[in-house]
>>> print(open('start22.csv').read())   # CSV, C-alpha atoms
chain,number,residue,atom,x,y,z
A,19,MET,CA,0.6,38.3,-12.0
A,20,SER,CA,1.9,37.3,-15.4
A,21,HIS,CA,0.4,34.5,-17.4
A,22,SER,CA,3.6,32.4,-17.1
A,23,ARG,CA,3.7,33.0,-13.3
A,24,MET,CA,0.1,31.9,-13.0
A,25,ILE,CA,0.8,28.7,-14.9
A,26,ASP,CA,3.8,28.0,-12.6
A,27,HIS,CA,1.6,28.4,-9.5
A,28,LEU,CA,-1.0,26.1,-11.0
A,29,GLU,CA,1.6,23.5,-11.6
A,30,HIS,CA,2.8,23.8,-8.0
A,31,VAL,CA,-0.8,23.4,-6.8
A,32,ALA,CA,-1.2,20.3,-8.9
A,33,ARG,CA,2.0,18.8,-7.4
A,34,LEU,CA,0.7,19.6,-3.9
A,35,THR,CA,-2.7,18.0,-4.4
A,36,HIS,CA,-1.3,14.9,-6.2
A,37,GLY,CA,0.2,13.5,-3.0
A,38,ARG,CA,-1.3,10.4,-1.4
A,39,ASP,CA,1.6,9.8,1.0
A,40,ARG,CA,2.1,12.0,4.1
A,41,GLU,CA,5.9,12.1,4.0
A,42,GLY,CA,5.9,12.8,0.3
A,43,LEU,CA,3.3,15.5,0.8
A,44,ASP,CA,5.4,17.2,3.5
A,45,ALA,CA,8.4,17.1,1.2
A,46,THR,CA,6.4,18.6,-1.7
A,47,LEU,CA,5.0,21.4,0.5
A,48,VAL,CA,8.4,22.7,1.6
A,49,ASP,CA,9.9,22.3,-1.9
A,50,VAL,CA,7.0,24.2,-3.5
A,51,LEU,CA,7.1,27.0,-1.0
A,52,ARG,CA,10.9,27.4,-1.3
A,53,SER,CA,10.5,27.5,-5.1
A,54,VAL,CA,7.4,29.8,-5.3
A,55,LEU,CA,8.6,32.3,-2.7
A,56,GLN,CA,12.3,31.9,-3.4
A,57,ALA,CA,12.8,31.3,0.3
A,58,ASP,CA,16.2,30.8,1.7
A,59,GLN,CA,14.9,28.0,3.9
A,60,VAL,CA,11.6,26.3,4.7
A,61,THR,CA,11.0,24.2,7.8
A,62,LEU,CA,7.8,22.3,8.7
A,63,TRP,CA,7.4,21.9,12.5
A,64,GLU,CA,4.8,19.9,14.4
A,65,VAL,CA,3.7,20.8,17.9
A,66,LEU,CA,3.2,17.8,20.2
A,67,ALA,CA,1.5,17.5,23.6
A,68,ASP,CA,3.7,16.1,26.4
A,69,GLU,CA,1.4,16.0,29.4
A,70,GLU,CA,1.1,19.7,30.4
A,71,GLN,CA,3.9,20.8,28.1
A,72,GLN,CA,4.2,21.2,24.3
A,73,ARG,CA,7.2,20.1,22.3
A,74,LEU,CA,8.5,20.8,18.8
A,75,LEU,CA,9.2,18.1,16.2
A,76,GLN,CA,11.1,19.2,13.1
A,77,ARG,CA,9.4,17.2,10.4
A,78,LEU,CA,11.2,18.6,7.3
A,79,ARG,CA,13.8,21.3,6.4
A,80,HIS,CA,14.9,22.5,3.0
A,81,GLY,CA,17.6,25.1,2.7
A,82,PRO,CA,20.3,26.3,0.3
A,83,GLY,CA,22.3,23.4,-1.1
A,84,GLN,CA,20.3,20.9,0.9
A,85,GLN,CA,18.1,18.0,-0.1
A,86,VAL,CA,14.8,17.9,1.8
A,87,GLN,CA,15.8,16.6,5.2
A,88,GLY,CA,13.3,14.5,7.1
A,89,MET,CA,12.9,13.5,10.7
A,90,PRO,CA,14.2,10.2,12.1
A,91,ALA,CA,11.7,7.4,12.1
A,92,TRP,CA,11.2,7.4,15.9
A,93,ARG,CA,11.7,10.2,18.4
A,94,HIS,CA,11.0,10.2,22.1
A,95,LEU,CA,9.0,13.2,23.3
A,96,ALA,CA,11.5,13.9,26.1
A,97,ASP,CA,14.2,14.3,23.5
A,98,LEU,CA,12.4,17.1,21.7
A,99,PRO,CA,12.8,20.8,22.5
A,100,LEU,CA,10.0,22.5,24.4
A,101,LEU,CA,7.8,25.0,22.4
A,102,THR,CA,8.7,27.6,25.0
A,103,GLN,CA,12.3,27.4,24.0
A,104,GLU,CA,11.3,28.9,20.6
A,105,PRO,CA,9.5,32.1,21.6
A,106,ALA,CA,8.7,33.1,17.9
A,107,LEU,CA,7.1,29.7,17.2
A,108,ALA,CA,5.2,29.8,20.5
A,109,GLU,CA,3.9,33.3,19.6
A,110,ALA,CA,2.8,32.1,16.1
A,111,VAL,CA,0.9,29.1,17.6
A,112,HIS,CA,-0.8,31.5,20.0
A,113,HIS,CA,-1.4,34.1,17.3
A,114,GLY,CA,-3.2,31.6,15.0
A,115,GLY,CA,-2.4,33.3,11.8
A,116,PRO,CA,0.6,34.3,9.6
A,117,PHE,CA,3.2,36.0,12.0
A,118,VAL,CA,6.4,37.9,11.4
A,119,PRO,CA,8.5,38.1,14.6
A,120,PRO,CA,9.4,41.7,15.3
A,121,SER,CA,13.1,40.9,15.8
A,122,GLN,CA,13.2,38.8,12.6
A,123,PRO,CA,11.5,40.8,9.8
A,124,CYS,CA,12.5,38.3,7.1
A,125,ARG,CA,11.0,35.3,8.9
A,126,LEU,CA,7.3,34.3,8.2
A,127,LEU,CA,5.6,31.7,10.4
A,128,VAL,CA,2.3,30.2,9.3
A,129,PRO,CA,0.5,28.0,11.9
A,130,LEU,CA,-1.7,25.2,10.5
A,131,ARG,CA,-4.3,22.9,12.1
A,132,THR,CA,-5.9,19.7,10.7
A,133,GLU,CA,-9.4,18.4,11.4
A,134,THR,CA,-7.7,15.7,13.7
A,135,GLN,CA,-6.2,18.6,15.7
A,136,ARG,CA,-2.6,18.1,14.5
A,137,ARG,CA,-0.8,21.4,14.9
A,138,LEU,CA,1.9,22.4,12.5
A,139,VAL,CA,3.9,25.5,11.7
A,140,LEU,CA,5.5,26.6,8.4
A,141,ASP,CA,8.7,28.5,9.1
A,142,LEU,CA,10.0,30.5,6.1
A,143,GLN,CA,13.3,32.3,6.0
A,144,LEU,CA,13.0,34.9,3.2
A,145,PRO,CA,15.5,37.1,1.4
A,146,GLN,CA,13.4,40.2,2.3
A,147,PRO,CA,10.5,41.1,4.6
A,148,PRO,CA,7.3,39.4,3.3
A,149,ASP,CA,4.7,41.6,1.7
A,150,GLU,CA,0.9,40.9,1.7
A,151,GLN,CA,1.1,38.7,-1.5
A,152,VAL,CA,3.9,36.5,0.0
A,153,ARG,CA,1.8,36.0,3.2
A,154,ARG,CA,-1.3,35.1,1.2
A,155,VAL,CA,0.6,32.6,-1.0
A,156,ALA,CA,2.2,31.0,2.0
A,157,GLU,CA,-1.1,30.8,3.8
A,158,GLY,CA,-3.0,29.6,0.7
A,159,MET,CA,-0.4,26.8,0.1
A,160,GLY,CA,-0.7,25.8,3.7
A,161,ARG,CA,-4.5,25.6,3.5
A,162,ILE,CA,-4.2,23.4,0.4
A,163,TYR,CA,-1.8,21.1,2.2
A,164,VAL,CA,-4.2,20.9,5.2
A,165,ASN,CA,-7.1,20.1,2.9
A,166,VAL,CA,-5.2,17.2,1.3
A,167,ILE,CA,-4.1,15.9,4.8
A,168,ASN,CA,-7.8,16.0,5.9
A,169,LEU,CA,-8.8,14.0,2.8
A,170,LEU,CA,-6.1,11.4,3.7
A,171,ASP,CA,-7.3,11.3,7.3
A,172,ALA,CA,-10.9,10.7,6.1
A,173,SER,CA,-9.8,7.7,4.1
A,174,GLU,CA,-7.3,6.3,6.6
A,175,ARG,CA,-9.0,6.9,10.0
A,176,ASP,CA,-11.8,5.2,11.8
A,177,THR,CA,-14.8,7.6,11.8
A,178,LEU,CA,-15.8,6.8,15.4
A,179,THR,CA,-12.5,6.9,17.3
A,180,GLY,CA,-10.2,8.8,14.9
A,181,LEU,CA,-7.6,6.1,15.1
A,182,LEU,CA,-6.1,4.6,12.0
A,183,ASN,CA,-8.3,2.1,10.3
A,184,ARG,CA,-7.7,-1.4,9.1
A,185,LYS,CA,-7.4,-0.3,5.5
A,186,SER,CA,-4.3,1.8,6.3
A,187,PHE,CA,-2.7,-1.0,8.3
A,188,ASP,CA,-0.5,-2.6,5.6
A,189,ASP,CA,0.9,0.6,4.4
A,190,THR,CA,1.7,2.1,7.8
A,191,PHE,CA,3.1,-1.2,9.0
A,192,TYR,CA,5.7,-1.3,6.2
A,193,LYS,CA,6.6,2.4,6.7
A,194,SER,CA,7.1,1.9,10.4
A,195,THR,CA,9.0,-1.3,10.3
A,196,ARG,CA,11.1,-0.9,7.1
A,197,PRO,CA,13.9,1.0,8.9
A,198,ALA,CA,14.2,-1.7,11.5
A,199,ALA,CA,14.2,-4.4,8.8
A,200,GLU,CA,16.9,-2.7,6.8
A,201,ALA,CA,19.1,-2.1,9.9
A,202,ALA,CA,18.8,-5.8,10.8
A,203,ALA,CA,19.7,-6.8,7.2
A,204,MET,CA,22.8,-4.7,7.3
A,205,ALA,CA,23.9,-6.2,10.7
A,206,ASP,CA,22.8,-9.8,10.4
A,207,ARG,CA,20.1,-11.2,8.1
A,208,ARG,CA,19.3,-13.9,10.6
A,209,ALA,CA,18.7,-11.5,13.4
A,210,HIS,CA,15.2,-10.6,14.7
A,211,THR,CA,14.4,-7.0,15.3
A,212,ASP,CA,13.4,-6.4,18.8
A,213,HIS,CA,12.3,-2.8,18.7
A,214,CYS,CA,9.0,-3.0,16.9
A,215,TRP,CA,6.1,-4.9,18.5
A,216,LEU,CA,2.6,-5.5,17.3
A,217,GLY,CA,-0.2,-5.7,19.9
A,218,VAL,CA,-3.8,-6.7,19.5
A,219,ILE,CA,-6.2,-5.5,22.2
A,220,ASP,CA,-9.7,-6.9,22.5
A,221,VAL,CA,-12.3,-5.6,24.9
A,222,ASP,CA,-13.6,-8.4,27.1
A,223,HIS,CA,-17.3,-9.2,27.0
A,224,PHE,CA,-18.0,-6.2,24.7
A,225,LYS,CA,-21.1,-7.9,23.2
A,226,SER,CA,-22.7,-7.9,26.6
A,227,VAL,CA,-22.1,-4.2,27.0
A,228,ASN,CA,-24.0,-3.5,23.8
A,229,ASP,CA,-26.8,-6.0,24.8
A,230,ARG,CA,-27.2,-4.5,28.3
A,231,PHE,CA,-26.6,-0.8,27.7
A,232,GLY,CA,-27.2,-0.2,24.0
A,233,HIS,CA,-24.9,0.7,21.1
A,234,LEU,CA,-24.6,4.4,22.1
A,235,ILE,CA,-23.0,3.4,25.4
A,236,GLY,CA,-20.9,0.8,23.5
A,237,ASP,CA,-19.7,3.5,21.2
A,238,GLU,CA,-18.8,5.7,24.2
A,239,VAL,CA,-16.7,2.8,25.6
A,240,LEU,CA,-14.8,2.6,22.3
A,241,LEU,CA,-14.2,6.3,22.3
A,242,LEU,CA,-12.8,6.1,25.9
A,243,MET,CA,-10.7,3.1,24.9
A,244,ALA,CA,-9.2,5.2,22.1
A,245,ARG,CA,-8.4,8.0,24.6
A,246,LEU,CA,-6.7,5.5,26.9
A,247,LEU,CA,-4.6,4.2,24.0
A,248,ARG,CA,-3.5,7.7,23.1
A,249,GLN,CA,-2.6,8.4,26.7
A,250,THR,CA,-0.7,5.2,27.2
A,251,PHE,CA,1.4,5.0,24.0
A,252,ARG,CA,3.8,7.6,22.5
A,253,HIS,CA,3.1,10.1,19.8
A,254,ASP,CA,4.9,8.0,17.2
A,255,ASP,CA,3.3,4.7,18.0
A,256,ARG,CA,0.7,3.6,15.5
A,257,LEU,CA,-2.8,3.1,16.9
A,258,TYR,CA,-5.6,1.3,14.9
A,259,ARG,CA,-9.2,0.3,15.4
A,260,PHE,CA,-9.8,-2.8,13.3
A,261,GLY,CA,-13.6,-2.8,13.8
A,262,GLY,CA,-15.9,-3.8,16.7
A,263,GLU,CA,-14.0,-4.0,19.9
A,264,GLU,CA,-10.6,-4.9,18.4
A,265,PHE,CA,-7.6,-2.4,18.5
A,266,VAL,CA,-4.1,-2.8,17.2
A,267,VAL,CA,-0.9,-1.0,18.3
A,268,LEU,CA,2.4,-0.9,16.5
A,269,VAL,CA,4.9,0.2,19.2
A,270,ARG,CA,8.6,0.7,19.5
A,271,ALA,CA,10.2,-0.7,22.6
A,272,GLU,CA,13.9,-1.4,23.4
A,273,ASP,CA,13.3,-5.0,24.4
A,274,ALA,CA,10.7,-7.6,25.4
A,275,ALA,CA,10.5,-6.3,28.9
A,276,ALA,CA,9.8,-2.7,27.8
A,277,ALA,CA,7.1,-4.0,25.4
A,278,ALA,CA,5.5,-6.0,28.1
A,279,LYS,CA,5.5,-3.0,30.4
A,280,ALA,CA,3.8,-0.8,27.8
A,281,PHE,CA,1.0,-3.3,27.2
A,282,GLU,CA,0.6,-4.1,30.9
A,283,ARG,CA,0.3,-0.3,31.5
A,284,LEU,CA,-2.6,-0.2,29.1
A,285,ARG,CA,-4.3,-3.2,30.7
A,286,ALA,CA,-4.0,-1.8,34.2
A,287,ALA,CA,-5.3,1.7,33.0
A,288,VAL,CA,-8.4,0.1,31.5
A,289,GLU,CA,-9.1,-2.0,34.5
A,290,VAL,CA,-9.3,0.9,36.9
A,291,TYR,CA,-11.0,3.4,34.6
A,292,PRO,CA,-14.6,4.3,35.6
A,293,PHE,CA,-16.5,3.8,32.4
A,294,PRO,CA,-19.8,5.8,32.7
A,295,GLN,CA,-22.9,3.5,33.4
A,296,VAL,CA,-20.9,0.4,32.5
A,297,GLY,CA,-18.4,0.5,35.3
A,298,ARG,CA,-15.5,-1.9,35.1
A,299,ILE,CA,-14.2,-3.1,31.8
A,300,THR,CA,-11.1,-5.2,31.0
A,301,VAL,CA,-9.1,-6.0,28.0
A,302,SER,CA,-7.1,-9.0,26.8
A,303,ILE,CA,-3.9,-8.2,25.0
A,304,GLY,CA,-1.6,-10.3,22.8
A,305,TYR,CA,1.6,-9.1,21.3
A,306,THR,CA,4.6,-10.2,19.2
A,307,ALA,CA,8.0,-9.0,18.1
A,308,VAL,CA,8.0,-7.7,14.5
A,309,ARG,CA,10.6,-9.7,12.5
A,310,PRO,CA,12.8,-8.6,9.7
A,311,PHE,CA,10.8,-8.6,6.5
A,312,ASP,CA,7.6,-9.6,8.4
A,313,THR,CA,4.3,-9.2,6.6
A,314,PRO,CA,1.4,-7.5,8.4
A,315,ALA,CA,-0.8,-10.6,8.2
A,316,ASP,CA,1.9,-12.8,9.7
A,317,ALA,CA,2.6,-10.4,12.6
A,318,PHE,CA,-1.1,-9.9,13.3
A,319,GLU,CA,-1.8,-13.7,13.3
A,320,ARG,CA,0.9,-14.2,15.9
A,321,ALA,CA,-0.4,-11.5,18.2
A,322,ASP,CA,-4.0,-12.7,17.7
A,323,ARG,CA,-3.0,-16.2,18.9
A,324,ALA,CA,-1.6,-14.6,22.0
A,325,VAL,CA,-5.0,-12.8,22.5
A,326,TYR,CA,-6.7,-16.2,22.2
A,327,LEU,CA,-4.5,-17.5,25.0
A,328,ALA,CA,-5.2,-14.5,27.2
A,329,LYS,CA,-8.9,-15.0,26.8
A,330,ALA,CA,-8.7,-18.8,27.3
A,331,GLN,CA,-6.8,-18.3,30.6
A,332,GLY,CA,-9.4,-15.9,32.1
A,333,ARG,CA,-9.1,-12.6,30.3
A,334,ASN,CA,-7.8,-9.2,31.6
A,335,ALA,CA,-4.3,-10.4,30.8
A,336,VAL,CA,-1.3,-9.7,28.6
A,337,ARG,CA,0.3,-12.5,26.7
A,338,CYS,CA,3.4,-12.6,24.4
A,339,PHE,CA,3.5,-14.9,21.4
A,340,GLU,CA,7.2,-15.6,21.7
A,341,THR,CA,7.2,-16.5,25.4
A,342,ASP,CA,3.6,-17.7,26.1
A,343,VAL,CA,2.5,-19.3,22.8
A,344,ALA,CA,5.4,-20.4,20.7
A,345,ALA,CA,7.3,-21.7,23.8
A,346,GLN,CA,4.4,-24.1,24.6
A,347,PRO,CA,4.5,-27.7,23.2
A,348,ALA,CA,1.7,-28.6,20.7
A,349,ALA,CA,-1.4,-29.5,22.8
A,350,GLU,CA,-5.1,-29.8,22.7
A,351,PRO,CA,-7.0,-26.5,22.0
A,352,LEU,CA,-7.2,-24.3,25.0
A,353,HIS,CA,-10.4,-24.8,26.9
A,354,HIS,CA,-12.2,-22.6,29.4
A,355,ALA,CA,-12.7,-24.1,32.8
A,356,GLY,CA,-16.4,-24.6,32.1
A,357,GLY,CA,-15.6,-27.1,29.4
A,358,GLY,CA,-16.0,-25.0,26.2
A,359,VAL,CA,-14.0,-22.4,24.5
A,360,GLU,CA,-15.9,-19.1,25.3
A,361,LEU,CA,-13.6,-16.3,24.2
A,362,PHE,CA,-15.9,-13.4,23.3
>>> encode(input="start22.csv", output="C-alpha cells")
Amino acid sequence: MSHSRMIDHLEHVARLTHGRDREGLDATLVDVLRSVLQADQVTLWEVLADEEQQRLLQRLRHGPGQQVQGMPAWRHLADLPLLTQEPALAEAVHHGGPFVPPSQPCRLLVPLRTETQRRLVLDLQLPQPPDEQVRRVAEGMGRIYVNVINLLDASERDTLTGLLNRKSFDDTFYKSTRPAAEAAAMADRRAHTDHCWLGVIDVDHFKSVNDRFGHLIGDEVLLLMARLLRQTFRHDDRLYRFGGEEFVVLVRAEDAAAAAKAFERLRAAVEVYPFPQVGRITVSIGYTAVRPFDTPADAFERADRAVYLAKAQGRNAVRCFETDVAAQPAAEPLHHAGGGVELF
C-alpha cells in the first residue's frame, strides 16, 4: 500500500471514530466504505426480531448520484420485508462472516453484531469481484464501527437492564419527537401532535421487594421488567430505566386510544407474570401526549403527575395526564384511603 493511500485510510478511520451520534455514524460508515472501496452502492441493513420471524430494515443506502438516504423515523415491523425474502442476506447472517453470493460475484455482504446483540449487515455492490484485501478492509471498517457503537451503548445504556439511561433521555427525546414537531409546525403551529406519547412506569411497593427478598432478587425483577417492556413495545419505541424502579417509554401511537391500549397491555402483562420467588408484582403507569416543541422535563413532569394519581387511587393502574389529571378541577392533594399519602 502506498504512503498516500495509507494516509487516506487513516483519515477515514479518524472520521469513523469521531462520531458520537448513531445516525451520523451510520452515514459516515457507508460514505467511507463507498469511497475507500470505490463501491457502486453501499447499504446498511438491520435484522429485527418479529416474534418467530426476522425482518429487514434498510437503515442507509448510498449509491451513484445519491445523497446518503436514511430510513423513515418510524416503521412498523409488519411493514418490513422478511429476511427470508432476501436469500443472500439470510445466508450472510447465517454464515457469520464476509460472504459473496455465488450468483452475485460482485456483491460483498459483511454481517455485524454489537454487544447489545443488534444485528446488522453491510451490503456492498462492487465494480468487480472482491479480492482478499477488499474483504479485509470492509470487515475491518465494520469492526471499527461496531467498537464505536459499543462505546456509545456503554455511555447511553443502563448497566443492569441494557435499556437507555436517564443521561441519554434528552438527546433521544428530541431526535424522536422532532419530526412530529416539524410536521405539526407546517400544518398548524397551534396543533398538538398526537402520535408521540411519553409514559412513566413505576413498580409498586418495590422497596418491600428489596427488604423482603434482598437486592439480588430485586435486580432480577428489574431485568424481567425490562424484558416485558421489550416484548410489549415496538422496536422503534424508546425504552429507558431512570434508576431504581422507574422506567420511561417514548412510544408512537396513532391516537389516545392506541396509546392507552399499549400502556394497558404492559400493565396487564406485568400483573400476570410469575416473578420467581416474589410472585405477583404490579406497576402504576402515567402517560402524556408529547406536544410540539415540548421539552423532556415538561413531558416527564406531566406523565409523573399521572403516575402520582395512579398510585393515589390504588396502584396497578394506567392514568393519562390529559384526561385524568388536567381535566380535574384544582383540589386538595390526593390522599390514600388510610388518611395519608403513601405512594411508594
>>> residues_around(input="start22.csv", residues="range 150-163 of chain A", least_positions_apart="6", cutoff="8 Å", atoms="all atoms listed in the file", output="PDB file with C-alpha atoms, in the frame of the given file")
ATOM      1  CA  VAL A  31      -0.800  23.400  -6.800  1.00  0.00           C
ATOM      2  CA  LEU A  34       0.700  19.600  -3.900  1.00  0.00           C
ATOM      3  CA  THR A  35      -2.700  18.000  -4.400  1.00  0.00           C
ATOM      4  CA  LEU A  43       3.300  15.500   0.800  1.00  0.00           C
ATOM      5  CA  LEU A  47       5.000  21.400   0.500  1.00  0.00           C
ATOM      6  CA  LEU A  51       7.100  27.000  -1.000  1.00  0.00           C
ATOM      7  CA  LEU A  55       8.600  32.300  -2.700  1.00  0.00           C
ATOM      8  CA  PRO A 116       0.600  34.300   9.600  1.00  0.00           C
ATOM      9  CA  LEU A 126       7.300  34.300   8.200  1.00  0.00           C
ATOM     10  CA  VAL A 128       2.300  30.200   9.300  1.00  0.00           C
ATOM     11  CA  LEU A 130      -1.700  25.200  10.500  1.00  0.00           C
ATOM     12  CA  LEU A 140       5.500  26.600   8.400  1.00  0.00           C
TER      13      LEU A 140
END
>>> atom_distance(input="start22.csv", atom1="CA of Phe293 in chain A", atom2="CA of Gln249 in chain A")
15.7 Å
>>> closest_atom_pairs(input="start22.csv", of="range 292-318 of chain A", to="range 259-266 of chain A", cutoff="12 Å", atoms="all atoms listed in the file", output="tab-separated table")
residue	atom	partner	partner_atom	distance
A:Ile299	CA	A:Glu263	CA	11.9
A:Thr300	CA	A:Glu263	CA	11.5
A:Val301	CA	A:Glu263	CA	9.7
A:Ser302	CA	A:Glu264	CA	10.0
A:Ile303	CA	A:Phe265	CA	9.5
A:Gly304	CA	A:Val266	CA	9.7
A:Tyr305	CA	A:Val266	CA	9.4
A:Thr306	CA	A:Val266	CA	11.6
A:Pro314	CA	A:Val266	CA	11.4
A:Ala317	CA	A:Val266	CA	11.1
A:Phe318	CA	A:Val266	CA	8.6
>>> atom_distance(input="start22.csv", atom1="CA of Arg333 in chain A", atom2="CA of Phe281 in chain A")
14.1 Å
>>> closest_residue(input="start22.csv", among="A:Asp229, A:Glu174, A:Glu41, A:Glu64", to="Phe187 in chain A", atoms="only C-alpha atoms")
A:Glu174
>>> closest_residue(input="start22.csv", among="A:Ala244, A:Leu78, A:Leu170, A:Val308", to="Arg40 in chain A", atoms="all atoms listed in the file")
A:Leu170
>>> closest_residue(input="start22.csv", among="A:Val296, A:Leu66, A:Val218, A:Val139", to="Arg230 in chain A", atoms="all atoms listed in the file")
A:Val296
>>> atom_distance(input="start22.csv", atom1="CA of Ala108 in chain A", atom2="CA of Ala67 in chain A")
13.2 Å
>>> closest_residue(input="start22.csv", among="A:Pro82, A:Asp39, A:Gln143, A:Gln346", to="Leu169 in chain A", atoms="only C-alpha atoms")
A:Asp39
>>> residues_around(input="start22.csv", residues="Leu182 in chain A", least_positions_apart="3", cutoff="10 Å", atoms="all atoms listed in the file", output="MDAnalysis selection string")
chainID A and resid 171:177 179 185:187 190 256:260 265:267
>>> closest_residue(input="start22.csv", among="A:Arg79, A:His213, A:Lys329, A:Arg270", to="Leu142 in chain A", atoms="all atoms listed in the file")
A:Arg79
>>> residues_around(input="start22.csv", residues="Arg73 in chain A", least_positions_apart="4", cutoff="7 Å", atoms="all atoms listed in the file", output="list in words")
Val65, Leu66, Ala67, Asp68, Leu98, Pro99, Leu100 and Leu101 of chain A
>>> residues_near_point(input="start22.csv", point="(13.6, 24.3, 5.9)", cutoff="6 Å", atoms="only C-alpha atoms", output="list in words")
Gln59, Val60, Thr61, Arg79, His80 and Gly81 of chain A
>>> residues_around(input="start22.csv", residues="Ala307 in chain A", least_positions_apart="2", cutoff="9 Å", atoms="all atoms listed in the file", output="PyMOL selection string")
chain A and resi 210-216+274+277+305+309+317+321+338-340
>>> write_last_selection(input="start22.csv", atoms="C-alpha atoms", output="PDB file, keeping the file's coordinate frame")
ATOM      1  CA  HIS A 210      15.200 -10.600  14.700  1.00  0.00           C
ATOM      2  CA  THR A 211      14.400  -7.000  15.300  1.00  0.00           C
ATOM      3  CA  ASP A 212      13.400  -6.400  18.800  1.00  0.00           C
ATOM      4  CA  HIS A 213      12.300  -2.800  18.700  1.00  0.00           C
ATOM      5  CA  CYS A 214       9.000  -3.000  16.900  1.00  0.00           C
ATOM      6  CA  TRP A 215       6.100  -4.900  18.500  1.00  0.00           C
ATOM      7  CA  LEU A 216       2.600  -5.500  17.300  1.00  0.00           C
ATOM      8  CA  ALA A 274      10.700  -7.600  25.400  1.00  0.00           C
ATOM      9  CA  ALA A 277       7.100  -4.000  25.400  1.00  0.00           C
ATOM     10  CA  TYR A 305       1.600  -9.100  21.300  1.00  0.00           C
ATOM     11  CA  ARG A 309      10.600  -9.700  12.500  1.00  0.00           C
ATOM     12  CA  ALA A 317       2.600 -10.400  12.600  1.00  0.00           C
ATOM     13  CA  ALA A 321      -0.400 -11.500  18.200  1.00  0.00           C
ATOM     14  CA  CYS A 338       3.400 -12.600  24.400  1.00  0.00           C
ATOM     15  CA  PHE A 339       3.500 -14.900  21.400  1.00  0.00           C
ATOM     16  CA  GLU A 340       7.200 -15.600  21.700  1.00  0.00           C
TER      17      GLU A 340
END
>>> closest_residue(input="start22.csv", among="A:Leu241, A:Asn165, A:Pro292, A:Gly217", to="Arg337 in chain A", atoms="only C-alpha atoms")
A:Gly217
>>> residues_around(input="start22.csv", residues="Cys124 in chain A", least_positions_apart="6", cutoff="6 Å", atoms="only C-alpha atoms", output="PyMOL selection string")
chain A and resi 144+146-147
